[in-house]
$ cat run14.txt   # compact mmCIF, C-alpha atoms
# COMPACT_ATOMS: atom_id res chain seq x y z
CA MET G 1282 -20.25 -30.74 77.43
CA PRO G 1283 -18.03 -32.63 79.88
CA PHE G 1284 -19.47 -35.66 81.64
CA THR G 1285 -20.85 -35.05 85.14
CA ASN G 1286 -19.63 -37.19 88.02
CA ASP G 1287 -22.95 -39.07 87.88
CA GLN G 1288 -22.46 -39.80 84.19
CA LEU G 1289 -18.88 -40.93 84.82
CA GLN G 1290 -20.23 -43.28 87.45
CA ARG G 1291 -23.16 -44.54 85.35
CA TYR G 1292 -20.95 -45.28 82.35
CA SER G 1293 -17.74 -46.14 84.25
CA ARG G 1294 -17.67 -49.79 83.09
CA HIS G 1295 -17.82 -48.55 79.50
CA ILE G 1296 -15.35 -45.69 79.84
CA ILE G 1297 -12.78 -47.94 81.51
CA LEU G 1298 -12.69 -50.07 78.35
CA GLN G 1299 -9.84 -49.16 76.03
CA GLU G 1300 -12.18 -49.56 73.03
CA VAL G 1301 -14.74 -47.15 74.47
CA GLY G 1302 -13.26 -44.47 76.70
CA ALA G 1303 -14.87 -41.05 77.02
CA LYS G 1304 -14.82 -40.60 73.24
CA GLY G 1305 -16.71 -43.83 72.65
CA GLN G 1306 -19.23 -43.09 75.38
CA ARG G 1307 -19.78 -39.66 73.86
CA LYS G 1308 -20.47 -41.35 70.50
CA LEU G 1309 -23.03 -43.59 72.20
CA CYS G 1310 -24.63 -40.61 73.93
CA GLU G 1311 -24.95 -38.81 70.60
CA ALA G 1312 -26.17 -41.82 68.58
CA LYS G 1313 -29.71 -42.45 67.32
CA VAL G 1314 -30.99 -46.00 67.03
CA LEU G 1315 -34.44 -47.08 65.82
CA ILE G 1316 -35.99 -50.33 67.02
CA ILE G 1317 -38.87 -51.61 64.91
CA GLY G 1318 -40.98 -53.95 67.02
CA ALA G 1319 -41.11 -53.73 70.84
CA GLY G 1320 -41.35 -57.49 71.30
CA GLY G 1321 -39.18 -60.54 71.92
CA LEU G 1322 -36.14 -59.09 70.14
CA GLY G 1323 -36.85 -55.38 70.59
CA ALA G 1324 -37.41 -55.61 74.35
CA PRO G 1325 -33.94 -56.77 75.44
CA ALA G 1326 -32.29 -54.64 72.75
CA ALA G 1327 -34.14 -51.54 73.97
CA LEU G 1328 -33.18 -52.24 77.59
CA TYR G 1329 -29.48 -52.57 76.82
CA LEU G 1330 -29.38 -49.61 74.44
CA ALA G 1331 -31.09 -47.39 77.01
CA ALA G 1332 -28.74 -48.61 79.72
CA ALA G 1333 -25.78 -47.94 77.41
CA GLY G 1334 -26.85 -44.31 77.12
CA ILE G 1335 -27.74 -44.26 73.41
CA GLY G 1336 -28.85 -40.63 73.15
CA THR G 1337 -31.99 -41.12 71.08
CA ILE G 1338 -33.82 -44.40 70.80
CA GLY G 1339 -36.86 -44.65 68.54
CA ILE G 1340 -39.29 -47.47 69.09
CA ALA G 1341 -42.04 -48.35 66.63
CA ASP G 1342 -44.91 -50.75 67.34
CA ALA G 1343 -48.66 -50.50 66.85
CA ASP G 1344 -49.70 -53.10 69.43
CA GLU G 1345 -50.74 -53.15 73.04
CA VAL G 1346 -49.13 -55.36 75.66
CA ASP G 1347 -50.85 -58.75 75.86
CA LEU G 1348 -50.52 -61.32 78.64
CA SER G 1349 -49.01 -63.77 76.14
CA ASN G 1350 -46.16 -61.29 75.47
CA LEU G 1351 -44.76 -61.36 79.00
CA GLN G 1352 -43.11 -64.78 78.65
CA ARG G 1353 -40.38 -63.10 76.57
CA GLN G 1354 -40.91 -59.33 76.16
CA VAL G 1355 -39.04 -58.40 79.31
CA ILE G 1356 -39.46 -54.64 78.90
CA HIS G 1357 -43.18 -54.95 79.74
CA THR G 1358 -44.60 -56.00 83.10
CA THR G 1359 -47.90 -57.47 84.23
CA PRO G 1360 -49.47 -54.11 85.14
CA ASP G 1361 -48.66 -52.95 81.57
CA VAL G 1362 -51.13 -55.39 79.97
CA GLY G 1363 -53.43 -53.38 77.71
CA LYS G 1364 -51.03 -50.42 77.49
CA ALA G 1365 -49.45 -49.37 74.17
CA LYS G 1366 -46.19 -51.30 73.86
CA VAL G 1367 -44.23 -48.20 72.84
CA LEU G 1368 -45.36 -46.36 76.00
CA SER G 1369 -44.68 -49.31 78.26
CA ALA G 1370 -41.21 -49.65 76.68
CA GLN G 1371 -40.54 -45.92 77.01
CA GLU G 1372 -41.42 -45.94 80.71
CA THR G 1373 -39.11 -48.86 81.48
CA MET G 1374 -36.25 -47.40 79.44
CA ASN G 1375 -36.51 -44.03 81.14
CA ARG G 1376 -36.61 -45.68 84.55
CA ILE G 1377 -33.34 -47.41 83.70
CA ASN G 1378 -31.80 -44.28 82.22
CA PRO G 1379 -33.60 -40.93 82.41
CA GLU G 1380 -30.86 -39.39 80.25
CA VAL G 1381 -31.92 -41.07 77.02
CA THR G 1382 -34.60 -39.64 74.76
CA VAL G 1383 -37.12 -42.31 73.77
CA LYS G 1384 -39.22 -41.44 70.74
CA THR G 1385 -42.35 -43.53 70.32
CA TYR G 1386 -44.05 -44.36 67.04
CA ARG G 1387 -47.33 -46.14 67.66
CA THR G 1388 -47.84 -47.29 64.10
CA PHE G 1389 -47.45 -50.23 61.75
CA VAL G 1390 -44.31 -49.69 59.71
CA MET G 1391 -45.36 -49.68 56.07
CA ALA G 1392 -43.99 -48.63 52.68
CA ASP G 1393 -45.62 -45.21 52.98
CA ASN G 1394 -44.00 -44.27 56.31
CA ILE G 1395 -40.76 -46.24 56.62
CA MET G 1396 -38.46 -43.88 54.69
CA GLU G 1397 -39.48 -40.93 56.86
CA LEU G 1398 -39.20 -43.06 59.99
CA ILE G 1399 -35.64 -44.28 59.40
CA ALA G 1400 -34.32 -41.01 57.96
CA ASP G 1401 -33.22 -39.59 61.33
CA TYR G 1402 -31.49 -42.69 62.64
CA ASP G 1403 -27.90 -43.97 62.47
CA PHE G 1404 -28.73 -47.67 62.89
CA ILE G 1405 -31.93 -49.69 62.68
CA LEU G 1406 -32.86 -52.90 64.50
CA ASP G 1407 -35.38 -55.25 62.93
CA GLY G 1408 -37.36 -56.77 65.78
CA THR G 1409 -40.44 -57.62 63.72
CA ASP G 1410 -42.22 -60.95 63.54
CA ASN G 1411 -43.19 -61.33 59.89
CA PHE G 1412 -41.56 -61.57 56.48
CA PRO G 1413 -43.32 -58.64 54.79
CA ALA G 1414 -41.93 -56.35 57.52
CA LYS G 1415 -38.46 -57.90 57.36
CA PHE G 1416 -38.24 -57.44 53.59
CA LEU G 1417 -39.65 -53.91 53.87
CA ILE G 1418 -37.03 -52.94 56.47
CA ASN G 1419 -34.26 -54.45 54.35
CA ASP G 1420 -35.35 -52.67 51.17
CA ALA G 1421 -35.83 -49.33 52.91
CA CYS G 1422 -32.45 -49.50 54.65
CA VAL G 1423 -30.65 -50.48 51.43
CA LEU G 1424 -32.41 -47.69 49.50
CA ALA G 1425 -31.73 -45.11 52.22
CA GLY G 1426 -28.15 -46.27 52.80
CA LYS G 1427 -28.80 -47.15 56.45
CA PRO G 1428 -27.04 -49.93 58.37
CA PHE G 1429 -29.35 -52.37 60.13
CA SER G 1430 -29.46 -55.61 62.05
CA HIS G 1431 -31.81 -58.32 60.83
CA ALA G 1432 -32.88 -61.08 63.20
CA GLY G 1433 -35.37 -63.90 63.42
CA ILE G 1434 -36.26 -66.35 66.18
CA ILE G 1435 -38.44 -69.43 66.36
CA ARG G 1436 -38.75 -72.41 68.72
CA PHE G 1437 -35.19 -73.02 70.03
CA LYS G 1438 -33.47 -71.27 67.13
CA GLY G 1439 -32.41 -67.78 66.24
CA GLN G 1440 -30.32 -66.00 63.64
CA LEU G 1441 -29.06 -62.56 62.78
CA MET G 1442 -27.02 -60.64 60.22
CA THR G 1443 -25.85 -57.07 59.87
CA TYR G 1444 -26.12 -54.97 56.74
CA VAL G 1445 -23.82 -52.01 56.24
CA PRO G 1446 -24.19 -49.99 53.01
CA GLY G 1447 -21.48 -50.89 50.54
CA GLN G 1448 -20.38 -53.93 52.57
CA GLY G 1449 -21.52 -57.47 52.24
CA PRO G 1450 -24.90 -58.83 51.18
CA CYS G 1451 -28.37 -57.67 52.25
CA TYR G 1452 -31.21 -59.83 53.56
CA ARG G 1453 -32.75 -60.01 50.11
CA CYS G 1454 -29.46 -61.32 48.65
CA VAL G 1455 -29.94 -64.36 50.88
CA PHE G 1456 -33.69 -64.91 50.84
CA ARG G 1457 -34.78 -63.09 47.66
CA GLU G 1458 -38.58 -63.13 48.24
CA PRO G 1459 -40.80 -63.72 51.27
CA PRO G 1460 -42.23 -67.24 51.41
CA PRO G 1461 -45.94 -67.40 50.57
CA PRO G 1462 -48.15 -66.44 53.53
CA ASP G 1463 -48.35 -69.31 56.07
CA ALA G 1464 -45.80 -71.47 54.16
CA VAL G 1465 -43.21 -71.12 56.92
CA PRO G 1466 -44.29 -71.21 60.59
CA THR G 1467 -44.12 -68.08 62.73
CA CYS G 1468 -43.68 -67.84 66.51
CA LYS G 1469 -47.42 -67.54 67.05
CA GLN G 1470 -47.96 -70.95 65.48
CA ALA G 1471 -44.69 -72.63 66.38
CA GLY G 1472 -43.72 -71.09 69.74
CA VAL G 1473 -40.41 -69.71 70.91
CA ILE G 1474 -38.36 -69.93 74.10
CA GLY G 1475 -38.45 -66.50 75.72
CA ALA G 1476 -34.72 -66.44 76.42
CA MET G 1477 -34.10 -66.76 72.66
CA GLY G 1478 -35.26 -63.15 72.28
CA GLY G 1479 -32.82 -62.25 75.04
CA VAL G 1480 -29.88 -63.93 73.30
CA ILE G 1481 -30.53 -62.68 69.78
CA GLY G 1482 -31.95 -59.24 70.73
CA SER G 1483 -28.90 -58.62 72.92
CA LEU G 1484 -26.63 -59.55 70.00
CA GLN G 1485 -28.50 -57.00 67.87
CA ALA G 1486 -27.88 -54.35 70.54
CA MET G 1487 -24.21 -55.37 70.57
CA GLU G 1488 -23.97 -54.93 66.79
CA ALA G 1489 -25.52 -51.45 67.06
CA ILE G 1490 -23.05 -50.50 69.81
CA LYS G 1491 -20.03 -51.80 67.85
CA TYR G 1492 -21.20 -49.96 64.75
CA ILE G 1493 -21.54 -46.70 66.69
CA LEU G 1494 -18.14 -47.14 68.37
CA GLY G 1495 -16.52 -48.18 65.09
CA LYS G 1496 -14.80 -51.06 66.89
CA GLY G 1497 -14.44 -54.73 66.09
CA ASP G 1498 -15.91 -56.82 63.30
CA LEU G 1499 -19.59 -56.61 62.48
CA LEU G 1500 -21.72 -59.49 61.31
CA THR G 1501 -21.61 -58.24 57.73
CA GLY G 1502 -21.33 -60.99 55.14
CA TYR G 1503 -22.27 -63.60 57.74
CA LEU G 1504 -25.41 -65.13 59.12
CA LEU G 1505 -24.99 -66.10 62.77
CA THR G 1506 -27.24 -68.99 63.66
CA TYR G 1507 -27.97 -70.27 67.16
CA ASP G 1508 -29.48 -73.66 67.90
CA ALA G 1509 -30.17 -73.74 71.64
CA LEU G 1510 -31.01 -77.45 71.82
CA LYS G 1511 -27.69 -78.41 70.22
CA MET G 1512 -26.02 -75.44 71.96
CA ASP G 1513 -24.45 -74.57 68.64
CA PHE G 1514 -23.48 -71.13 67.33
CA ARG G 1515 -22.42 -70.98 63.66
CA LYS G 1516 -21.23 -68.13 61.48
CA ILE G 1517 -22.25 -68.94 57.93
CA ARG G 1518 -20.41 -66.97 55.26
CA LEU G 1519 -22.90 -65.27 52.94
CA PRO G 1520 -22.17 -64.76 49.27
CA ARG G 1521 -23.30 -61.52 47.68
CA ARG G 1522 -25.89 -61.78 44.91
CA ASP G 1523 -24.99 -59.53 41.99
CA THR G 1524 -28.52 -59.98 40.70
CA CYS G 1525 -30.13 -58.91 44.02
CA ALA G 1526 -33.30 -56.97 43.23
CA VAL G 1527 -32.48 -54.19 45.68
CA CYS G 1528 -28.69 -54.05 46.23
CA GLY G 1529 -27.49 -55.78 43.03
CA LYS G 1530 -25.91 -54.28 39.93
CA SER G 1531 -29.21 -53.50 38.17
CA PRO G 1532 -31.76 -53.16 40.95
CA THR G 1533 -35.45 -53.43 40.07
CA ILE G 1534 -36.69 -52.31 43.49
CA LEU G 1535 -36.35 -48.55 43.55
CA ALA G 1536 -38.85 -47.72 46.30
CA PRO G 1537 -40.13 -49.63 49.33
CA PHE G 1538 -43.34 -51.63 48.87
CA ASP G 1539 -45.65 -53.79 51.01
CA TYR G 1540 -46.16 -57.53 50.64
CA ALA G 1541 -49.46 -59.12 51.66
CA GLN G 1542 -49.53 -60.26 55.30
CA ALA G 1543 -50.23 -63.83 56.31
CA VAL G 1544 -53.84 -63.98 57.49
CA CYS G 1545 -52.96 -65.23 60.97
CA GLU G 1546 -50.66 -62.25 61.61
CA LEU G 1547 -53.34 -59.66 60.97
CA GLY G 1548 -55.37 -57.91 63.63
CA MET J 1427 -1.35 -23.01 100.13
CA ALA J 1428 -1.30 -26.77 99.99
CA THR J 1429 -2.42 -26.76 96.36
CA GLN J 1430 0.73 -24.99 95.21
CA PRO J 1431 2.71 -27.36 92.97
CA LEU J 1432 5.83 -28.65 94.69
CA THR J 1433 7.52 -29.28 91.37
CA ASP J 1434 8.99 -27.51 88.39
CA ILE J 1435 6.84 -29.58 85.97
CA LEU J 1436 4.06 -27.39 84.61
CA PRO J 1437 0.83 -29.29 83.95
CA ASP J 1438 -1.34 -28.43 80.93
CA ALA J 1439 -4.52 -29.41 82.76
CA ALA J 1440 -5.66 -30.48 86.19
CA VAL J 1441 -8.36 -32.77 87.49
CA ASP J 1442 -9.57 -33.33 91.03
CA ILE J 1443 -10.73 -36.87 91.76
CA THR J 1444 -11.08 -36.47 95.52
CA ASP J 1445 -14.87 -36.09 95.13
CA VAL J 1446 -15.42 -39.56 93.65
CA VAL J 1447 -14.71 -43.17 94.59
CA CYS J 1448 -13.41 -46.21 92.72
CA PRO J 1449 -13.83 -46.90 89.84
CA VAL J 1450 -14.89 -43.34 88.96
CA THR J 1451 -11.55 -42.06 90.30
CA PHE J 1452 -9.68 -43.69 87.44
CA VAL J 1453 -12.50 -42.99 84.97
CA LYS J 1454 -12.38 -39.26 85.73
CA ALA J 1455 -8.59 -39.18 85.30
CA LYS J 1456 -8.84 -41.21 82.08
CA VAL J 1457 -11.46 -38.84 80.66
CA ALA J 1458 -9.27 -35.83 81.49
CA LEU J 1459 -6.30 -37.51 79.76
CA GLU J 1460 -8.38 -38.22 76.65
CA GLU J 1461 -8.97 -34.50 76.25
CA LEU J 1462 -5.23 -33.74 76.11
CA ASP J 1463 -2.88 -33.97 73.15
CA GLU J 1464 -0.02 -36.44 73.14
CA GLY J 1465 2.90 -35.20 75.23
CA GLN J 1466 0.80 -32.84 77.36
CA ILE J 1467 0.85 -33.19 81.14
CA LEU J 1468 -2.10 -33.73 83.47
CA SER J 1469 -2.09 -33.08 87.19
CA VAL J 1470 -4.40 -35.35 89.17
CA ARG J 1471 -5.33 -34.55 92.76
CA MET J 1472 -6.38 -37.66 94.65
CA ASN J 1473 -6.98 -38.93 98.15
CA ASP J 1474 -4.53 -41.10 100.05
CA GLY J 1475 -5.28 -44.82 100.23
CA GLU J 1476 -7.04 -46.74 97.49
CA PRO J 1477 -6.72 -44.04 94.78
CA VAL J 1478 -2.97 -43.64 95.31
CA GLN J 1479 -2.52 -47.40 95.10
CA ASN J 1480 -4.69 -47.99 92.03
CA VAL J 1481 -4.97 -44.88 89.86
CA PRO J 1482 -1.26 -44.47 88.96
CA ARG J 1483 -1.06 -48.19 88.11
CA SER J 1484 -4.18 -48.09 85.93
CA ILE J 1485 -2.89 -45.00 84.13
CA LYS J 1486 0.42 -46.77 83.48
CA GLU J 1487 -1.46 -49.80 82.12
CA GLU J 1488 -3.15 -47.48 79.61
CA GLY J 1489 0.32 -46.64 78.28
CA HIS J 1490 0.76 -43.18 79.79
CA GLN J 1491 3.91 -42.01 81.57
CA VAL J 1492 3.70 -41.38 85.30
CA LEU J 1493 6.16 -38.55 86.02
CA LYS J 1494 5.77 -37.83 89.72
CA LEU J 1495 3.62 -38.53 92.76
CA ILE J 1496 3.78 -35.75 95.33
CA ASP J 1497 2.46 -35.97 98.90
CA ASN J 1498 0.58 -32.74 99.55
CA GLY J 1499 0.79 -33.40 103.29
CA ASP J 1500 -2.96 -32.95 103.78
CA GLY J 1501 -4.16 -36.48 103.00
CA THR J 1502 -4.10 -35.81 99.26
CA TYR J 1503 -1.55 -36.48 96.55
CA GLN J 1504 -0.72 -34.85 93.25
CA LEU J 1505 0.05 -37.17 90.35
CA LEU J 1506 1.72 -35.83 87.23
CA VAL J 1507 1.16 -37.82 84.06
CA ARG J 1508 2.38 -37.35 80.51
CA LYS J 1509 -0.16 -38.40 77.90
CA MET J 1510 1.22 -40.94 75.45
CA GLY J 1511 -0.13 -41.87 72.01
CA GLU J 1512 -3.35 -43.84 71.65
CA MET E 1076 -17.22 -88.67 48.43
CA THR E 1077 -16.85 -86.43 51.48
CA ILE E 1078 -18.75 -83.16 51.61
CA THR E 1079 -19.17 -80.60 54.37
CA VAL E 1080 -22.80 -79.97 55.22
CA ALA E 1081 -23.48 -77.08 57.61
CA GLY E 1082 -19.99 -77.43 59.01
CA ASN E 1083 -20.04 -81.23 59.41
CA LYS E 1084 -18.06 -83.61 57.20
CA LYS E 1085 -20.30 -86.31 55.75
CA GLU E 1086 -20.00 -89.27 53.39
CA TYR E 1087 -22.40 -89.41 50.46
CA PRO E 1088 -22.46 -91.42 47.23
CA ASP E 1089 -21.12 -89.76 44.10
CA GLY E 1090 -23.64 -88.05 41.85
CA LEU E 1091 -25.69 -86.63 44.72
CA THR E 1092 -27.71 -83.55 43.75
CA VAL E 1093 -28.56 -80.62 46.05
CA ALA E 1094 -32.21 -81.73 45.95
CA ALA E 1095 -31.24 -85.25 47.05
CA LEU E 1096 -29.04 -83.85 49.82
CA LEU E 1097 -31.94 -81.71 51.13
CA ALA E 1098 -34.08 -84.87 51.27
CA ALA E 1099 -31.33 -86.95 52.88
CA GLU E 1100 -30.77 -84.26 55.54
CA ASN E 1101 -34.52 -84.11 56.28
CA VAL E 1102 -34.63 -80.37 55.63
CA GLU E 1103 -38.05 -78.91 56.43
CA THR E 1104 -39.79 -77.04 53.57
CA PRO E 1105 -36.80 -77.47 51.21
CA GLU E 1106 -38.46 -75.27 48.58
CA TYR E 1107 -37.94 -72.27 50.91
CA VAL E 1108 -34.35 -72.98 51.89
CA THR E 1109 -31.46 -70.96 50.49
CA VAL E 1110 -28.45 -73.13 49.64
CA SER E 1111 -24.87 -72.03 49.14
CA LEU E 1112 -22.25 -74.25 47.53
CA ASN E 1113 -18.61 -73.27 48.04
CA ASP E 1114 -19.60 -69.68 48.85
CA ASP E 1115 -21.98 -69.20 45.95
CA PHE E 1116 -25.76 -69.31 46.00
CA VAL E 1117 -27.36 -72.25 44.20
CA PRO E 1118 -30.33 -70.92 42.20
CA GLY E 1119 -33.58 -72.29 43.63
CA ASP E 1120 -34.64 -73.76 40.29
CA SER E 1121 -31.44 -75.78 39.85
CA PHE E 1122 -31.37 -77.90 43.05
CA ASP E 1123 -32.28 -80.92 40.84
CA GLN E 1124 -29.49 -80.35 38.34
CA THR E 1125 -26.69 -79.28 40.69
CA VAL E 1126 -24.46 -82.30 41.32
CA LEU E 1127 -22.14 -82.21 44.33
CA GLY E 1128 -18.51 -83.30 44.22
CA ASP E 1129 -15.87 -84.44 46.71
CA GLY E 1130 -14.76 -81.63 49.06
CA ASP E 1131 -17.78 -79.43 48.40
CA GLU E 1132 -19.04 -77.21 51.20
CA VAL E 1133 -22.79 -76.78 51.46
CA GLU E 1134 -24.71 -74.42 53.73
CA PHE E 1135 -28.46 -74.14 54.30
CA MET E 1136 -30.10 -70.84 55.22
CA TYR E 1137 -33.60 -70.99 56.66
CA PHE E 1138 -36.36 -68.43 56.83
CA MET E 1139 -36.86 -67.34 60.41
CA GLY E 1140 -39.79 -64.99 60.66
CA GLY E 1141 -40.37 -64.60 64.38
CA GLY E 1142 -39.22 -61.76 66.55
CA ARG E 1143 -42.04 -60.21 68.52
$ encode --input "run14.txt" --output "structure tokens"
Amino acid sequence: MPFTNDQLQRYSRHIILQEVGAKGQRKLCEAKVLIIGAGGLGAPAALYLAAAGIGTIGIADADEVDLSNLQRQVIHTTPDVGKAKVLSAQETMNRINPEVTVKTYRTFVMADNIMELIADYDFILDGTDNFPAKFLINDACVLAGKPFSHAGIIRFKGQLMTYVPGQGPCYRCVFREPPPPDAVPTCKQAGVIGAMGGVIGSLQAMEAIKYILGKGDLLTGYLLTYDALKMDFRKIRLPRRDTCAVCGKSPTILAPFDYAQAVCELG
Amino acid sequence: MATQPLTDILPDAAVDITDVVCPVTFVKAKVALEELDEGQILSVRMNDGEPVQNVPRSIKEEGHQVLKLIDNGDGTYQLLVRKMGE
Amino acid sequence: MTITVAGNKKEYPDGLTVAALLAAENVETPEYVTVSLNDDFVPGDSFDQTVLGDGDEVEFMYFMGGGR
């Protein structure tokens, strides 16, 4: 179907770009992206992906909006406190762009539902806040052959990497196993500058958009780290681990599984 | 009729951008060009003023060949463009 | 010897191990840091035995669990 004048106007700044054009915008409008976690990272990513006209955006989160979320989770507003995060996110996204379909999954993402959840999507964004979830998303995406963007933020620091099947290392190549519960501080205990979610979540959205367009170089084989206090961005080259338990030569992880959650992250 | 082509060049497709304003004028022409094959010719009907000044230049910058700009005499122009390779 | 640590050139005495470098660089929770040496991972159980040499490039990768 040809673009309407309204669509041409809405997406004009995209279509004007040589790397996008009508063909690229059509790809965006037909793409399906899943965001796991409607929080510090997921909020800005969801806003930009909706604005970009990504045809179907899935958003998975079991929580309700809490007052302490609003310092960084810019998709939710004060009147949304107490509302399911996925519904609050859906409302904001559809106010920005009524053309996109927002599918909500009000659930914890676990080993027994993740494969079904990601099956329909072209690209997955990890916006979760704990290691068991980050390893689960990595394993499921590697097993299902799905590209995804991993990210983490804490205090004044953030990092991200992109996994594309058959290219470069996966998250488990780098970090192998989650640290023991409570061994490494999380945002709840250590704090995070709200704008960090904006910086890193927006970069995740950018990776998804580049992947869909098929343009430019993705952050595969690199970990991008951002230290806001030193105002330092670094691209660290990542080796591939032939012995990786999920993407290596003789994988031992053949199905997704759940790690125990740190006590403070429960409930 | 004013819409009758005043040229012997036969366009393969036509687009009317008189119903939109900048930057959608160029965007609409660009989208129409994307749907053509290399070497095919697009006729673009546009208003006098800003579109006539900017649209042909932007199309040239994209690497396409501007063949002719015809004054329709009714405040609109007809631009003939040959699509070049991507 | 001169080694490159996280992109910065630094002077260290010869014979320095990865474990000693982690201590000298004040790396938090070094047991949970991934280390690469000249684009290869250093196995976590060999930080003590891995001796660095002039011109080596070392990177540290940290767990970052936050996001919501």
$ closest_atom_pairs --input "run14.txt" --of "chain E" --to "chain G" --cutoff "12 Å" --atoms "all atoms listed in the file" --output "tab-separated table"
residue	atom	partner	partner_atom	distance
E:Val1080	CA	G:Ile1517	CA	11.4
E:Ala1081	CA	G:Ile1517	CA	8.2
E:Gly1082	CA	G:Arg1515	CA	8.3
E:Asn1083	CA	G:Arg1515	CA	11.3
E:Glu1103	CA	G:Val1465	CA	9.4
E:Thr1104	CA	G:Val1465	CA	7.6
E:Pro1105	CA	G:Val1465	CA	10.7
E:Glu1106	CA	G:Pro1460	CA	9.3
E:Tyr1107	CA	G:Pro1460	CA	6.6
E:Val1108	CA	G:Phe1456	CA	8.2
E:Thr1109	CA	G:Phe1456	CA	6.5
E:Val1110	CA	G:Val1455	CA	9.0
E:Ser1111	CA	G:Pro1520	CA	7.8
E:Leu1112	CA	G:Pro1520	CA	9.6
E:Asn1113	CA	G:Pro1520	CA	9.3
E:Asp1114	CA	G:Pro1520	CA	5.6
E:Asp1115	CA	G:Pro1520	CA	5.5
E:Phe1116	CA	G:Pro1520	CA	6.7
E:Val1117	CA	G:Pro1520	CA	10.4
E:Pro1118	CA	G:Arg1522	CA	10.5
E:Gly1119	CA	G:Arg1457	CA	10.1
E:Glu1132	CA	G:Arg1518	CA	11.1
E:Val1133	CA	G:Ile1517	CA	10.2
E:Glu1134	CA	G:Ile1517	CA	7.3
E:Phe1135	CA	G:Ile1517	CA	8.9
E:Met1136	CA	G:Val1455	CA	7.8
E:Tyr1137	CA	G:Phe1456	CA	8.4
E:Phe1138	CA	G:Val1465	CA	7.4
E:Met1139	CA	G:Gly1433	CA	4.8
E:Gly1140	CA	G:Asn1411	CA	5.1
E:Gly1141	CA	G:Asp1410	CA	4.2
E:Gly1142	CA	G:Asp1410	CA	4.3
E:Arg1143	CA	G:Gly1320	CA	4.0
$ interface_residues --input "run14.txt" --of "chain G" --to "chain J" --cutoff "12 Å" --atoms "all atoms listed in the file" --output "PDB file with C-alpha atoms, in the coordinates of the input"
ATOM      1  CA  MET G1282     -20.250 -30.740  77.430  1.00  0.00           C
ATOM      2  CA  PRO G1283     -18.030 -32.630  79.880  1.00  0.00           C
ATOM      3  CA  PHE G1284     -19.470 -35.660  81.640  1.00  0.00           C
ATOM      4  CA  THR G1285     -20.850 -35.050  85.140  1.00  0.00           C
ATOM      5  CA  ASN G1286     -19.630 -37.190  88.020  1.00  0.00           C
ATOM      6  CA  ASP G1287     -22.950 -39.070  87.880  1.00  0.00           C
ATOM      7  CA  GLN G1288     -22.460 -39.800  84.190  1.00  0.00           C
ATOM      8  CA  LEU G1289     -18.880 -40.930  84.820  1.00  0.00           C
ATOM      9  CA  GLN G1290     -20.230 -43.280  87.450  1.00  0.00           C
ATOM     10  CA  ARG G1291     -23.160 -44.540  85.350  1.00  0.00           C
ATOM     11  CA  TYR G1292     -20.950 -45.280  82.350  1.00  0.00           C
ATOM     12  CA  SER G1293     -17.740 -46.140  84.250  1.00  0.00           C
ATOM     13  CA  ARG G1294     -17.670 -49.790  83.090  1.00  0.00           C
ATOM     14  CA  HIS G1295     -17.820 -48.550  79.500  1.00  0.00           C
ATOM     15  CA  ILE G1296     -15.350 -45.690  79.840  1.00  0.00           C
ATOM     16  CA  ILE G1297     -12.780 -47.940  81.510  1.00  0.00           C
ATOM     17  CA  LEU G1298     -12.690 -50.070  78.350  1.00  0.00           C
ATOM     18  CA  GLN G1299      -9.840 -49.160  76.030  1.00  0.00           C
ATOM     19  CA  GLU G1300     -12.180 -49.560  73.030  1.00  0.00           C
ATOM     20  CA  VAL G1301     -14.740 -47.150  74.470  1.00  0.00           C
ATOM     21  CA  GLY G1302     -13.260 -44.470  76.700  1.00  0.00           C
ATOM     22  CA  ALA G1303     -14.870 -41.050  77.020  1.00  0.00           C
ATOM     23  CA  LYS G1304     -14.820 -40.600  73.240  1.00  0.00           C
ATOM     24  CA  GLY G1305     -16.710 -43.830  72.650  1.00  0.00           C
ATOM     25  CA  GLN G1306     -19.230 -43.090  75.380  1.00  0.00           C
ATOM     26  CA  ARG G1307     -19.780 -39.660  73.860  1.00  0.00           C
TER      27      ARG G1307
END
$ atom_distance --input "run14.txt" --atom1 "CA of Glu1464 in chain J" --atom2 "CA of Asn1498 in chain J"
26.7 Å
$ residues_around --input "run14.txt" --residues "Leu1406 in chain G" --least-positions-apart "5" --cutoff "8 Å" --atoms "all atoms listed in the file" --output "number ranges by chain"
G: 1314-1317, 1323, 1429-1431, 1485-1486, 1489
$ write_last_selection --input "run14.txt" --atoms "C-alpha atoms" --output "PDB file, keeping the file's coordinate frame"
ATOM      1  CA  VAL G1314     -30.990 -46.000  67.030  1.00  0.00           C
ATOM      2  CA  LEU G1315     -34.440 -47.080  65.820  1.00  0.00           C
ATOM      3  CA  ILE G1316     -35.990 -50.330  67.020  1.00  0.00           C
ATOM      4  CA  ILE G1317     -38.870 -51.610  64.910  1.00  0.00           C
ATOM      5  CA  GLY G1323     -36.850 -55.380  70.590  1.00  0.00           C
ATOM      6  CA  PHE G1429     -29.350 -52.370  60.130  1.00  0.00           C
ATOM      7  CA  SER G1430     -29.460 -55.610  62.050  1.00  0.00           C
ATOM      8  CA  HIS G1431     -31.810 -58.320  60.830  1.00  0.00           C
ATOM      9  CA  GLN G1485     -28.500 -57.000  67.870  1.00  0.00           C
ATOM     10  CA  ALA G1486     -27.880 -54.350  70.540  1.00  0.00           C
ATOM     11  CA  ALA G1489     -25.520 -51.450  67.060  1.00  0.00           C
TER      12      ALA G1489
END
$ residues_around --input "run14.txt" --residues "range 1329-1338 of chain G" --least-positions-apart "2" --cutoff "10 Å" --atoms "all atoms listed in the file" --output "ChimeraX atom specification"
/G:1288,1291-1292,1295,1306-1316,1324-1327,1340,1371,1373-1385,1401-1405,1482-1483,1485-1487,1489-1490,1493
